[in-house]
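Chemist: Take a look at final-v7.txt, compact mmCIF, C-alpha atoms and all ligand atoms:
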# COMPACT_ATOMS: atom_id res chain seq x y z
CA MET A 30 94.22 72.44 101.12
CA ASN A 31 94.13 72.96 104.84
CA SER A 32 93.84 76.71 105.38
CA GLN A 33 96.63 76.57 107.95
CA ASP A 34 99.06 75.40 105.26
CA TYR A 35 98.67 78.48 103.06
CA TRP A 36 102.13 79.78 103.93
CA LYS A 37 103.85 76.72 102.52
CA LYS A 38 103.23 78.01 99.02
CA PHE A 39 104.90 81.36 99.64
CA THR A 40 108.23 81.98 97.97
CA THR A 41 111.22 83.87 99.28
CA GLY A 42 114.83 84.45 98.41
CA THR A 43 115.76 85.33 101.98
CA ASP A 44 117.28 83.07 104.61
CA PRO A 45 116.18 84.80 107.81
CA ARG A 46 119.16 83.37 109.67
CA ASN A 47 121.69 84.74 107.20
CA ILE A 48 120.81 88.17 105.92
CA THR A 49 123.49 90.36 104.47
CA LEU A 50 122.46 93.88 103.67
CA PRO A 51 124.46 95.42 100.85
CA LYS A 52 126.41 98.60 101.35
CA VAL A 53 124.00 100.89 99.58
CA LYS A 54 122.73 104.27 100.64
CA GLN A 55 119.32 102.91 101.41
CA VAL A 56 120.89 100.79 104.12
CA ASP A 57 123.58 102.93 105.69
CA SER A 58 122.72 106.58 105.12
CA PHE A 59 121.08 108.72 107.77
CA ASP A 60 120.11 111.46 105.42
CA PRO A 61 116.40 111.13 104.70
CA VAL A 62 116.54 112.25 101.13
CA THR A 63 119.52 110.05 100.34
CA GLN A 64 117.94 107.04 102.03
CA CYS A 65 114.78 107.47 100.03
CA THR A 66 115.83 109.24 96.84
CA TYR A 67 115.98 106.06 94.85
CA TYR A 68 115.49 102.57 96.02
CA GLU A 69 117.65 99.73 94.84
CA THR A 70 115.70 96.55 94.97
CA PRO A 71 117.20 93.63 96.86
CA ALA A 72 118.42 91.08 94.36
CA GLN A 73 116.07 88.35 95.51
CA PHE A 74 113.03 90.59 95.54
CA LYS A 75 111.23 90.86 92.26
CA TYR A 76 108.28 93.16 92.67
CA VAL A 77 105.73 92.61 89.96
CA GLU A 78 102.93 95.12 90.28
CA SER A 79 100.28 92.82 88.84
CA GLU A 80 100.92 90.28 91.57
CA TRP A 81 100.10 92.53 94.51
CA PRO A 82 97.21 94.59 95.82
CA THR A 83 97.46 98.27 95.01
CA MET A 84 99.55 99.92 97.67
CA TRP A 85 97.46 101.55 100.40
CA GLU A 86 94.21 100.30 98.95
CA THR A 87 92.16 97.44 100.36
CA ALA A 88 94.06 94.24 99.64
CA THR A 89 91.32 92.88 97.38
CA SER A 90 92.30 95.62 94.89
CA ASN A 91 94.08 94.95 91.60
CA GLY A 92 92.09 91.73 91.23
CA MET A 93 93.71 90.12 94.24
CA ASN A 94 90.46 88.56 95.40
CA LYS A 95 90.34 86.58 92.14
CA THR A 96 93.82 85.10 92.02
CA ALA A 97 94.17 81.33 92.05
CA GLU A 98 96.04 81.36 95.35
CA PHE A 99 93.48 83.56 97.08
CA THR A 100 90.56 81.59 95.66
CA ALA A 101 92.11 78.38 96.94
CA LEU A 102 92.68 79.89 100.35
CA ASN A 103 89.14 81.21 100.50
CA LYS A 104 87.74 77.79 99.60
CA SER A 105 89.89 76.03 102.17
CA ILE A 106 88.19 77.92 104.98
CA ASP A 107 85.00 76.54 106.51
CA TRP A 108 83.15 79.84 106.71
CA SER A 109 80.12 78.15 108.28
CA LYS A 110 82.06 78.07 111.55
CA MET A 111 82.65 81.82 111.58
CA PRO A 112 80.89 83.71 114.39
CA LYS A 113 77.77 85.39 113.08
CA ILE A 114 78.78 89.00 113.53
CA PRO A 115 77.84 91.85 111.21
CA VAL A 116 80.36 93.98 109.35
CA ARG A 117 80.55 97.32 111.18
CA GLN A 118 79.82 100.66 109.63
CA ALA A 119 82.27 103.51 109.48
CA THR A 120 81.10 107.03 110.23
CA ALA A 121 81.53 109.91 107.83
CA ASP A 122 84.57 111.15 109.73
CA GLY A 123 86.26 107.75 109.59
CA GLY A 124 85.28 106.51 113.03
CA LEU A 125 83.13 103.54 113.99
CA ASN A 126 79.37 103.64 114.17
CA MET A 127 78.41 101.82 117.36
CA THR A 128 74.75 102.74 117.22
CA GLY A 129 72.69 99.78 118.36
CA TYR A 130 75.62 97.74 119.61
CA ASP A 131 75.28 96.41 123.13
CA GLU A 132 78.49 97.87 124.46
CA ASP A 133 77.78 96.83 128.05
CA ASN A 134 77.51 93.14 127.29
CA ASP A 135 79.78 93.33 124.25
CA PRO A 136 78.68 89.97 122.80
CA ASP A 137 81.34 90.02 120.07
CA CYS A 138 84.37 91.01 122.15
CA TRP A 139 84.73 94.15 120.10
CA TRP A 140 87.85 95.83 121.42
CA SER A 141 86.87 99.23 120.06
CA ALA A 142 83.68 99.11 122.14
CA SER A 143 85.01 97.69 125.39
CA THR A 144 88.74 96.85 125.10
CA CYS A 145 87.68 93.19 125.28
CA THR A 146 90.57 90.77 124.69
CA LYS A 147 89.06 87.39 125.63
CA PRO A 148 86.98 86.06 122.75
CA LYS A 149 83.34 85.19 123.40
CA HIS A 150 83.05 82.84 120.44
CA GLN A 151 84.51 79.41 119.80
CA GLY A 152 87.56 78.71 117.71
CA VAL A 153 89.14 82.12 118.09
CA ASN A 154 92.66 82.77 119.33
CA GLU A 155 92.74 84.84 122.52
CA ASP A 156 94.56 88.18 122.38
CA ILE A 157 97.89 88.94 123.95
CA TYR A 158 97.84 92.38 125.58
CA GLN A 159 100.39 92.38 128.36
CA CYS A 160 103.61 90.60 129.26
CA PRO A 161 103.17 88.14 132.11
CA GLU A 162 106.64 88.71 133.52
CA PRO A 163 106.88 91.32 136.29
CA ASP A 164 108.87 94.52 135.83
CA THR A 165 108.78 94.08 132.08
CA TRP A 166 108.13 96.70 129.39
CA GLY A 167 106.85 95.04 126.21
CA LEU A 168 108.48 97.06 123.45
CA THR A 169 106.42 97.40 120.25
CA TYR A 170 106.64 99.64 117.19
CA ASP A 171 103.87 99.91 114.62
CA ASP A 172 103.56 101.07 111.01
CA GLY A 173 107.01 100.31 109.64
CA PRO A 174 109.09 99.57 107.79
CA ASN A 175 110.23 102.76 106.16
CA CYS A 176 113.10 103.88 103.96
CA SER A 177 114.28 106.54 106.39
CA HIS A 178 114.59 104.69 109.68
CA ASN A 179 118.20 103.53 109.57
CA ALA A 180 119.26 105.66 112.51
CA PHE A 181 116.41 104.41 114.68
CA TYR A 182 117.24 100.78 113.97
CA ASP A 183 120.88 101.54 114.68
CA PHE A 184 119.85 103.04 118.01
CA LEU A 185 117.91 99.92 118.98
CA GLU A 186 120.82 97.74 117.90
CA GLU A 187 123.29 99.81 119.87
CA LYS A 188 121.10 99.46 122.96
CA LYS A 189 120.74 95.71 122.26
CA LEU A 190 116.97 96.11 122.28
CA LYS A 191 114.58 93.78 120.51
CA ALA A 192 111.05 94.92 119.79
CA SER A 193 107.93 93.51 118.26
CA MET A 194 107.59 95.28 114.92
CA PHE A 195 104.15 95.42 113.33
CA TYR A 196 104.76 95.91 109.63
CA ILE A 197 102.26 97.22 107.09
CA GLY A 198 102.22 95.11 103.92
CA SER A 199 102.31 98.12 101.61
CA ASN A 200 105.40 99.38 103.40
CA VAL A 201 107.13 96.00 103.26
CA VAL A 202 106.97 95.79 99.47
CA ASN A 203 107.77 99.46 99.11
CA TRP A 204 110.79 99.46 101.42
CA PRO A 205 112.10 95.91 101.61
CA TYR A 206 115.45 96.83 103.14
CA GLY A 207 113.66 98.20 106.19
CA ALA A 208 111.93 94.85 106.73
CA MET A 209 115.15 92.92 106.12
CA ARG A 210 116.85 95.08 108.71
CA GLY A 211 114.11 94.23 111.18
CA ILE A 212 114.52 90.49 110.85
CA LYS A 213 118.30 90.70 110.64
CA ASN A 214 118.42 92.54 113.95
CA GLY A 215 116.34 89.86 115.64
CA HIS A 216 113.19 91.87 116.11
CA HIS A 217 109.90 90.03 116.37
CA ILE A 218 108.16 90.73 113.07
CA ALA A 219 104.36 90.72 112.94
CA ASP A 220 101.56 91.60 110.51
CA HIS A 221 99.84 95.00 110.63
CA THR A 222 97.59 94.53 107.57
CA TRP A 223 98.06 95.70 103.99
CA SER A 224 96.38 99.10 104.10
CA HIS A 225 95.80 99.92 107.78
CA GLN A 226 92.03 100.21 107.88
CA LEU A 227 89.36 99.61 110.52
CA MET A 228 89.18 95.84 110.14
CA THR A 229 85.70 95.37 111.61
CA THR A 230 84.32 97.52 108.76
CA LEU A 231 85.74 95.24 106.07
CA SER A 232 84.01 92.23 104.52
CA ASN A 233 85.22 88.70 105.29
CA GLU A 234 87.05 88.56 101.99
CA GLU A 235 88.68 91.94 102.56
CA VAL A 236 89.85 91.01 106.06
CA LEU A 237 91.33 87.79 104.71
CA ALA A 238 93.12 89.61 101.89
CA GLU A 239 94.49 92.34 104.17
CA LEU A 240 96.13 89.70 106.33
CA TYR A 241 97.07 87.19 103.62
CA TYR A 242 98.92 89.53 101.27
CA THR A 243 100.79 91.09 104.17
CA GLN A 244 101.87 87.62 105.27
CA LYS A 245 102.98 86.93 101.72
CA ALA A 246 104.95 90.18 101.52
CA ILE A 247 106.69 89.64 104.85
CA LYS A 248 107.63 86.09 103.84
CA LEU A 249 108.95 87.21 100.46
CA ILE A 250 111.19 89.88 101.94
CA THR A 251 112.22 88.45 105.31
CA GLY A 252 111.87 84.70 104.86
CA VAL A 253 109.40 84.27 107.72
CA THR A 254 105.62 84.10 108.02
CA PRO A 255 104.35 85.79 111.21
CA LEU A 256 102.10 84.11 113.75
CA HIS A 257 101.04 87.44 115.23
CA TRP A 258 99.26 90.53 114.02
CA ARG A 259 97.94 93.79 115.35
CA PRO A 260 94.80 95.47 114.03
CA ALA A 261 95.09 99.13 113.07
CA PHE A 262 93.53 101.25 115.82
CA GLY A 263 93.01 98.04 117.80
CA ASP A 264 89.79 97.52 115.88
CA VAL A 265 89.04 93.82 116.19
CA ASP A 266 86.05 91.67 117.09
CA ASP A 267 85.47 87.92 117.11
CA ARG A 268 84.66 87.82 113.39
CA VAL A 269 87.98 89.44 112.50
CA ARG A 270 89.81 87.38 115.12
CA TRP A 271 88.31 84.20 113.68
CA ILE A 272 89.52 85.04 110.18
CA ALA A 273 92.98 85.82 111.54
CA THR A 274 92.91 82.51 113.38
CA GLN A 275 92.33 80.72 110.05
CA LEU A 276 95.75 82.05 109.00
CA GLY A 277 97.34 80.94 112.25
CA LEU A 278 97.47 84.49 113.55
CA THR A 279 97.07 85.60 117.15
CA THR A 280 96.18 89.21 117.92
CA ILE A 281 98.60 91.31 119.95
CA LEU A 282 97.11 94.46 121.43
CA TRP A 283 98.53 96.57 124.26
CA SER A 284 97.94 97.55 127.86
CA GLU A 285 99.31 101.10 127.60
CA ASP A 286 98.92 103.53 124.71
CA THR A 287 101.38 106.42 124.47
CA ASP A 288 99.35 108.14 121.72
CA ASP A 289 102.75 109.03 120.28
CA TRP A 290 101.42 109.23 116.70
CA ALA A 291 99.38 112.27 117.78
CA ALA A 292 102.34 114.18 119.24
CA GLY A 293 102.58 117.54 117.56
CA GLU A 294 99.63 116.62 115.34
CA THR A 295 96.42 116.41 117.32
CA GLU A 296 97.96 116.53 120.78
CA PRO A 297 100.78 118.59 122.28
CA VAL A 298 104.07 116.73 122.56
CA SER A 299 103.93 117.38 126.30
CA THR A 300 100.77 115.28 126.60
CA VAL A 301 102.45 112.30 124.98
CA GLN A 302 105.55 112.81 127.12
CA HIS A 303 103.27 112.80 130.14
CA ASN A 304 101.91 109.43 129.01
CA TYR A 305 105.43 108.11 128.75
CA ASP A 306 106.23 109.49 132.20
CA ASP A 307 103.19 107.77 133.72
CA PHE A 308 104.05 104.41 132.16
CA ILE A 309 107.69 104.74 133.14
CA LYS A 310 106.71 105.40 136.77
CA MET A 311 104.67 102.19 136.82
CA GLY A 312 107.95 100.32 136.59
CA SER A 313 109.14 101.57 139.95
CA ASN A 314 105.98 102.25 141.95
CA GLY A 315 104.83 98.66 142.32
CA THR A 316 102.27 98.62 139.51
CA MET A 317 104.39 96.14 137.56
CA SER A 318 105.34 93.92 140.47
CA THR A 319 103.09 91.05 139.41
CA HIS A 320 103.04 91.43 135.61
CA GLY A 321 104.45 93.53 132.82
CA ASN A 322 102.86 95.68 130.16
CA ILE A 323 102.81 95.97 126.40
CA VAL A 324 103.18 99.55 125.24
CA LEU A 325 101.87 100.89 121.96
CA THR A 326 104.40 103.10 120.21
CA HIS A 327 105.16 103.79 116.56
CA GLU A 328 108.06 104.10 114.21
CA ILE A 329 105.92 106.24 111.89
CA ASN A 330 107.85 109.46 111.92
CA ASN A 331 110.58 111.61 113.27
CA MET A 332 108.55 112.65 116.28
CA THR A 333 107.61 109.15 117.42
CA MET A 334 111.12 107.81 116.94
CA SER A 335 112.61 110.80 118.73
CA LEU A 336 110.26 110.26 121.66
CA ALA A 337 111.34 106.62 121.76
CA VAL A 338 115.02 107.53 121.77
CA LYS A 339 114.47 110.13 124.44
CA ASN A 340 112.50 107.86 126.76
CA ILE A 341 114.21 104.50 126.42
CA PRO A 342 116.99 105.30 128.91
CA GLN A 343 114.36 106.13 131.55
CA ILE A 344 112.35 103.05 130.68
CA GLN A 345 115.45 100.93 131.18
CA LYS A 346 116.11 102.57 134.54
CA ASN A 347 112.61 101.86 135.79
CA TYR A 348 112.00 98.41 134.35
CA LYS A 349 114.17 95.33 134.80
CA HIS A 350 113.35 94.07 131.31
CA VAL A 351 112.61 95.88 128.05
CA ILE A 352 111.88 93.16 125.51
CA ASP A 353 109.80 92.05 122.54
CA VAL A 354 106.48 90.32 123.04
CA ALA A 355 107.60 86.90 121.78
CA THR A 356 110.31 86.74 124.42
CA CYS A 357 108.16 87.99 127.29
CA MET A 358 105.44 85.51 126.35
CA ASN A 359 107.85 82.57 126.08
CA ILE A 360 106.91 82.13 122.43
CA SER A 361 109.98 80.43 121.04
CA HIS A 362 108.51 80.14 117.55
CA PRO A 363 106.77 83.36 116.53
CA TYR A 364 106.79 82.36 112.87
CA GLN A 365 105.42 79.46 110.87
CA GLU A 366 109.00 78.55 109.97
CA THR A 367 110.47 76.74 112.94
CA THR A 368 114.00 77.45 111.75
CA VAL A 369 113.88 80.75 113.60
CA LYS A 370 113.86 80.35 117.34
CA PHE A 371 113.41 83.02 119.97
CA PRO A 372 114.72 82.69 123.51
CA SER A 373 112.38 81.78 126.31
CA PHE A 374 112.22 84.38 129.04
CA ALA A 375 114.62 82.28 131.09
CA GLU A 376 117.03 82.02 128.19
CA TYR A 377 116.80 85.74 127.65
CA LEU A 378 117.76 86.22 131.30
CA SER A 379 120.82 84.08 130.71
CA GLY A 380 121.82 86.18 127.74
CA LYS A 381 120.54 84.23 124.77
CA THR A 382 119.08 86.04 121.80
CA ALA A 383 117.00 85.04 118.81
CA THR A 384 118.69 82.86 116.25
CA THR A 385 117.98 85.52 113.65
CA GLY A 386 119.96 88.03 115.57
CA SER A 387 123.12 88.33 113.52
CA ASN A 388 124.57 91.50 114.86
CA SER A 389 127.05 92.97 112.46
CA SER A 390 124.99 95.52 110.65
CA SER A 391 126.77 97.32 107.90
CA SER A 392 125.81 100.61 109.42
CA SER A 393 126.02 99.96 113.12
CA SER A 394 129.52 101.28 113.45
CA SER A 395 128.39 104.67 112.34
CA SER A 396 125.44 105.07 114.64
CA ALA A 397 127.17 107.95 116.31
CA GLY A 398 126.74 109.69 113.01
CA ALA A 399 123.09 110.00 113.78
CA SER A 400 124.01 112.45 116.44
CA SER A 401 126.13 114.61 114.27
CA SER A 402 124.42 114.41 110.93
CA SER A 403 122.10 117.23 111.72
CA GLY A 404 123.15 118.45 115.09
CA SER A 405 122.30 121.96 114.11
CA SER A 406 118.62 121.24 114.10
CA SER A 407 117.01 122.52 117.21
CA GLY A 408 114.06 120.91 118.88
CA SER A 409 111.91 123.86 118.03
CA SER A 410 112.52 123.55 114.33
CA SER A 411 111.94 119.84 114.24
CA SER A 412 108.33 119.80 113.18
CA GLY A 413 108.99 122.04 110.22
CA SER A 414 111.90 120.04 108.92
CA ALA A 415 110.10 116.77 109.52
CA SER A 416 107.15 117.65 107.38
CA GLY A 417 109.47 118.83 104.64
CA SER A 418 111.28 115.53 104.75
CA ALA A 419 108.06 113.64 104.51
CA ALA A 420 107.14 115.35 101.31
CA SER A 421 110.47 114.76 99.66
CA ALA A 422 110.63 111.16 100.77
CA GLU A 423 107.25 110.44 99.31
CA GLN A 424 108.06 111.94 95.98
CA SER A 425 111.41 110.31 95.67
CA THR A 426 110.36 106.78 96.42
CA GLY A 427 108.20 106.68 93.34
CA THR A 428 111.02 107.03 90.90
CA SER A 429 112.56 103.64 90.45
CA ALA A 430 112.01 99.95 90.16
CA GLY A 431 108.31 100.35 89.56
CA PHE A 432 107.61 101.39 93.12
CA LYS A 433 104.77 103.74 93.59
CA SER A 434 104.88 106.65 95.91
CA VAL A 435 103.06 105.90 99.11
CA PRO A 436 100.52 108.42 100.30
CA ALA A 437 100.85 109.55 103.86
CA ASN A 438 97.42 108.16 104.61
CA GLY A 439 97.52 109.39 108.16
CA VAL A 440 99.93 106.77 109.37
CA ALA A 441 102.64 106.13 106.87
CA ALA A 442 104.44 109.38 106.31
CA ALA A 443 108.04 108.75 105.49
CA ILE A 444 109.77 111.05 107.87
CA ALA A 445 113.41 111.10 108.67
CA LEU A 446 115.42 111.15 111.79
CA THR A 447 117.15 114.42 111.14
CA VAL A 448 116.55 115.80 114.60
CA LEU A 449 117.03 112.62 116.55
CA ALA A 450 120.03 113.98 118.35
CA ALA A 451 118.47 117.29 119.22
CA LEU A 452 115.83 115.62 121.32
CA VAL A 453 117.92 113.02 123.08
ZN ZN A 501 99.20 101.23 112.93
Just give me the structure as structure tokens.

Modeler:
Amino acid sequence: MNSQDYWKKFTTGTDPRNITLPKVKQVDSFDPVTQCTYYETPAQFKYVESEWPTMWETATSNGMNKTAEFTALNKSIDWSKMPKIPVRQATADGGLNMTGYDEDNDPDCWWSASTCTKPKHQGVNEDIYQCPEPDTWGLTYDDGPNCSHNAFYDFLEEKKLKASMFYIGSNVVNWPYGAMRGIKNGHHIADHTWSHQLMTTLSNEEVLAELYYTQKAIKLITGVTPLHWRPAFGDVDDRVRWIATQLGLTTILWSEDTDDWAAGETEPVSTVQHNYDDFIKMGSNGTMSTHGNIVLTHEINNMTMSLAVKNIPQIQKNYKHVIDVATCMNISHPYQETTVKFPSFAEYLSGKTATTGSNSSSSSSSSAGASSSSGSSSGSSSSGSASGSAASAEQSTGTSAGFKSVPANGVAAAIALTVLAALV
């Protein structure tokens, strides 16, 4: 087997060009508990626990490094060509130990050390980190999909916005309708690893499994195999890039980081809003006159989605184009399957959209309901209600169809959009 052909063995019951979401509460409700209370499994998606890594554990778990498919993949890779770079050490508090690393010369293009994006070793795909087109905001959302994000996806659909969505493998198998919604709406779907760890601290086999099983999950649910991925925390070096390259994956990082995940957690909301304000200004003060950006934002929780909804109108006023990374990069085929075609930038300008972009969502007509569903929530009470929602969503997702509850794990809290309207 040629390692690049691994995806041809994946199975799926989804035609990415013709996705119909059933009229079930998980698809059209805006109430977080209702969306997540039980989870009907899409007919074509048979989740068999023994066939997947344990959710939110390293993707070699549950014997996944010994399966026939993974063994074959592993053997198909010529590891002798991999850059000789050591596995990094994590610190006790979960950070990266850079002791002894030559950060000034950064021989391994370790982004965490130097924000390096141009590989220094052979045979490694170069990162994408900003849109080349002027006056362009590269719209990206990390850490989905999630059972409780219907209103946010409705909002994007209503605004006719396409984003690059970096999906976590554990979330994809846990909440398949969220991923199906993403591809149905024509978003650019990419891989964000199985369990969202610091990739440079994982062994070769673990890095491969984190990417491979996420690719497999995305293909199973959405019918496409991504050609792009984003490392959690941006933690990538040429060893990790090389392994990703074996799977045909190119790394997408960012040029601007809103830090939105920290809003109300480790940073005041005002600090994150200030970040947004700064990046928005760049669209009208000449900074983006020769190129665009790619902005790191998240769909993790109520706060990050609310900040997105609040700021998108201003972003659109200050930037000529607010688009996904595939479109701004003129990548017409962002998946292994060439049946799905994205518009070139020129085609986008003339009004063409991705061929996946069927636009009649079962819930789009009720997007206004997002504004009224919990209009009584005030901004000041949002954090309290959000954390309550997270707890109930976690508990409730573990009740049916063999799905396990997903731990919050710092990035994956299932939080609803109950106060979306209050912050708009
Ligand atoms: Zn992430």

Chemist: Counting only C-alpha atoms and all ligand atoms, figure out which residue out of A:Asp122, A:Asp44, A:Asp133, A:Asp264 gets nearest to ligand ZN 501 (chain A).

Modeler: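 Distance minimum relative to ligand ZN 501 (chain A) lands on A:Asp264.
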
Chemist: Go through the chains and note each residue within 10 Å of ligand ZN 501 (chain A), using only C-alpha atoms and all ligand atoms, then give the set as a list of chain:residue names.

Modeler: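 Listed by chain and ascending number, the contacts are A:Tyr170, A:Asp171, A:Asp172, A:Gly173, A:Phe195, A:Tyr196, A:Ile197, A:His221, A:Thr222, A:Ser224, A:His225, A:Gln226, A:Arg259, A:Pro260, A:Ala261, A:Phe262, A:Gly263, A:Trp290, A:Leu325, A:Thr326, A:His327, A:Glu328, A:Ile329, A:Gly439, A:Val440, A:Ala441.
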
Chemist: May I ask which of the residues A:Asn94, A:Ser79, A:Asn47, A:Ser32 is the closest one to Ile212 in chain A, counting all atoms listed in the file?

Modeler: A:Asn47

Chemist: Expressed in Å to a single decimal, how great is the separation between CA of Pro115 in chain A and CA of Ile323 in chain A?

Modeler: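 If I compute the distance from CA of Pro115 in chain A to CA of Ile323 in chain A, I get 29.5 Å.
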
Chemist: Name the residues in contact with Trp283 in chain A at a cut-off of 8 Å, using only C-alpha atoms, excluding same-chain residues fewer than 2 positions from it; report them as JSON, numbers by chain.

Modeler: {"A": [157, 158, 159, 281, 285, 286, 322, 323, 324, 325]}

Chemist: Give me, please, the distance in Å between CA of Ser284 in chain A and CA of His217 in chain A, quoted to one decimal.

Modeler: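 CA of His217 in chain A lies 18.2 Å from CA of Ser284 in chain A.
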
Chemist: So which residues touch range 355-357 of chain A within 7 Å, counting all atoms listed in the file, skipping near sequence neighbours fewer than 6 positions away, as a PyMOL selection string?

Modeler: chain A and resi 160-162+217+363+371-374

Chemist: Find, counting all atoms listed in the file, the residue in A:Val253, A:Leu240, A:Val265, A:Leu168 that gets nearest to Leu278 in chain A.

Modeler: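 Using all atoms listed in the file, the shortest distance to Leu278 in chain A belongs to A:Leu240.
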
Chemist: Trp36 in chain A: which residues within 12 Å, counting all atoms listed in the file, same-chain residues fewer than 6 positions away excluded, as a short mmCIF file (atom, residue, chain, number, x, y, z; two decimals) with C-alpha atoms, in the frame of the given file?

Modeler:
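The resulting selection.cif:
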data_model
loop_
_atom_site.label_atom_id
_atom_site.label_comp_id
_atom_site.auth_asym_id
_atom_site.auth_seq_id
_atom_site.Cartn_x
_atom_site.Cartn_y
_atom_site.Cartn_z
CA MET A 30 94.22 72.44 101.12
CA GLU A 98 96.04 81.36 95.35
CA PHE A 99 93.48 83.56 97.08
CA LEU A 102 92.68 79.89 100.35
CA LEU A 240 96.13 89.70 106.33
CA TYR A 241 97.07 87.19 103.62
CA TYR A 242 98.92 89.53 101.27
CA THR A 243 100.79 91.09 104.17
CA GLN A 244 101.87 87.62 105.27
CA LYS A 245 102.98 86.93 101.72
CA ALA A 246 104.95 90.18 101.52
CA ILE A 247 106.69 89.64 104.85
CA LYS A 248 107.63 86.09 103.84
CA LEU A 249 108.95 87.21 100.46
CA GLY A 252 111.87 84.70 104.86
CA VAL A 253 109.40 84.27 107.72
CA THR A 254 105.62 84.10 108.02
CA PRO A 255 104.35 85.79 111.21
CA LEU A 256 102.10 84.11 113.75
CA GLN A 275 92.33 80.72 110.05
CA LEU A 276 95.75 82.05 109.00
CA GLY A 277 97.34 80.94 112.25
CA LEU A 278 97.47 84.49 113.55
CA TYR A 364 106.79 82.36 112.87
CA GLN A 365 105.42 79.46 110.87
CA GLU A 366 109.00 78.55 109.97
#

Chemist: How many Å lie between CA of Thr316 in chain A and CA of Tyr348 in chain A, rounded to one decimal?

Modeler: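 Interatomic distance here is 11.0 Å.
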
Chemist: Could you give me, as a PDB file with C-alpha atoms, keeping the file's coordinate frame, the residues that sit within 10 Å of (92.8, 86.2, 96.0) in the file's coordinates, counting all atoms listed in the file?

Modeler:
ATOM      1  CA  TRP A  81     100.100  92.530  94.510  1.00  0.00           C
ATOM      2  CA  PRO A  82      97.210  94.590  95.820  1.00  0.00           C
ATOM      3  CA  ALA A  88      94.060  94.240  99.640  1.00  0.00           C
ATOM      4  CA  THR A  89      91.320  92.880  97.380  1.00  0.00           C
ATOM      5  CA  SER A  90      92.300  95.620  94.890  1.00  0.00           C
ATOM      6  CA  ASN A  91      94.080  94.950  91.600  1.00  0.00           C
ATOM      7  CA  GLY A  92      92.090  91.730  91.230  1.00  0.00           C
ATOM      8  CA  MET A  93      93.710  90.120  94.240  1.00  0.00           C
ATOM      9  CA  ASN A  94      90.460  88.560  95.400  1.00  0.00           C
ATOM     10  CA  LYS A  95      90.340  86.580  92.140  1.00  0.00           C
ATOM     11  CA  THR A  96      93.820  85.100  92.020  1.00  0.00           C
ATOM     12  CA  ALA A  97      94.170  81.330  92.050  1.00  0.00           C
ATOM     13  CA  GLU A  98      96.040  81.360  95.350  1.00  0.00           C
ATOM     14  CA  PHE A  99      93.480  83.560  97.080  1.00  0.00           C
ATOM     15  CA  THR A 100      90.560  81.590  95.660  1.00  0.00           C
ATOM     16  CA  ALA A 101      92.110  78.380  96.940  1.00  0.00           C
ATOM     17  CA  LEU A 102      92.680  79.890 100.350  1.00  0.00           C
ATOM     18  CA  ASN A 103      89.140  81.210 100.500  1.00  0.00           C
ATOM     19  CA  GLU A 234      87.050  88.560 101.990  1.00  0.00           C
ATOM     20  CA  GLU A 235      88.680  91.940 102.560  1.00  0.00           C
ATOM     21  CA  LEU A 237      91.330  87.790 104.710  1.00  0.00           C
ATOM     22  CA  ALA A 238      93.120  89.610 101.890  1.00  0.00           C
ATOM     23  CA  TYR A 241      97.070  87.190 103.620  1.00  0.00           C
ATOM     24  CA  TYR A 242      98.920  89.530 101.270  1.00  0.00           C
TER      25      TYR A 242
END

Chemist: Would you mind telling me which residue in A:Lys54, A:Arg270, A:Lys75, A:Lys104 lies nearest to Lys149 in chain A when using all atoms listed in the file?

Modeler: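 Closest to Lys149 in chain A, using all atoms listed in the file: A:Arg270.
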
Chemist: Measuring between only C-alpha atoms, which one of A:Glu155, A:His178, A:Thr146, A:Trp108 shows the shortest distance to Thr63 in chain A?

Modeler: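 Of A:Glu155, A:His178, A:Thr146, A:Trp108, the one nearest Thr63 in chain A, counting only C-alpha atoms, is A:His178.
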
Chemist: Excluding Pro342 in chain A and any residue of its chain fewer than 4 positions from it, enumerate the residues within 10 Å of it, using only C-alpha atoms, and give them as a ChimeraX atom specification.

Modeler: /A:188,337-338,346-347,453

Chemist: Export, as a tab-separated table (two decimals), in the coordinates of the input, the selected residues with C-alpha atoms.

Modeler:
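Wrote it out as again-v4.tsv, contents follow:
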chain	number	residue	atom	x	y	z
A	188	LYS	CA	121.10	99.46	122.96
A	337	ALA	CA	111.34	106.62	121.76
A	338	VAL	CA	115.02	107.53	121.77
A	346	LYS	CA	116.11	102.57	134.54
A	347	ASN	CA	112.61	101.86	135.79
A	453	VAL	CA	117.92	113.02	123.08

Chemist: Would you pick out the contacts of Ser199 in chain A at 7 Å or less, using all atoms listed in the file, so that residues sharing its chain but fewer than 5 positions from it are not included, and give the list as a list in words?

Modeler: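 Skipping anything fewer than 5 positions along the chain leaves Met84, Trp85, Trp223 and Ser224 of chain A.
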
Chemist: Print the selection's residues with C-alpha atoms to a file, as a PDB file, in the frame of the given file.

Modeler:
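For reference, out32.pdb as written:
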ATOM      1  CA  MET A  84      99.550  99.920  97.670  1.00  0.00           C
ATOM      2  CA  TRP A  85      97.460 101.550 100.400  1.00  0.00           C
ATOM      3  CA  TRP A 223      98.060  95.700 103.990  1.00  0.00           C
ATOM      4  CA  SER A 224      96.380  99.100 104.100  1.00  0.00           C
TER       5      SER A 224
END

Chemist: When you count only C-alpha atoms, which of these residues is closest to Ile309 in chain A: A:Ser58, A:Thr279, A:Gln343, A:Thr49?

Modeler: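 Counting only C-alpha atoms, the residue closest to Ile309 in chain A is A:Gln343.
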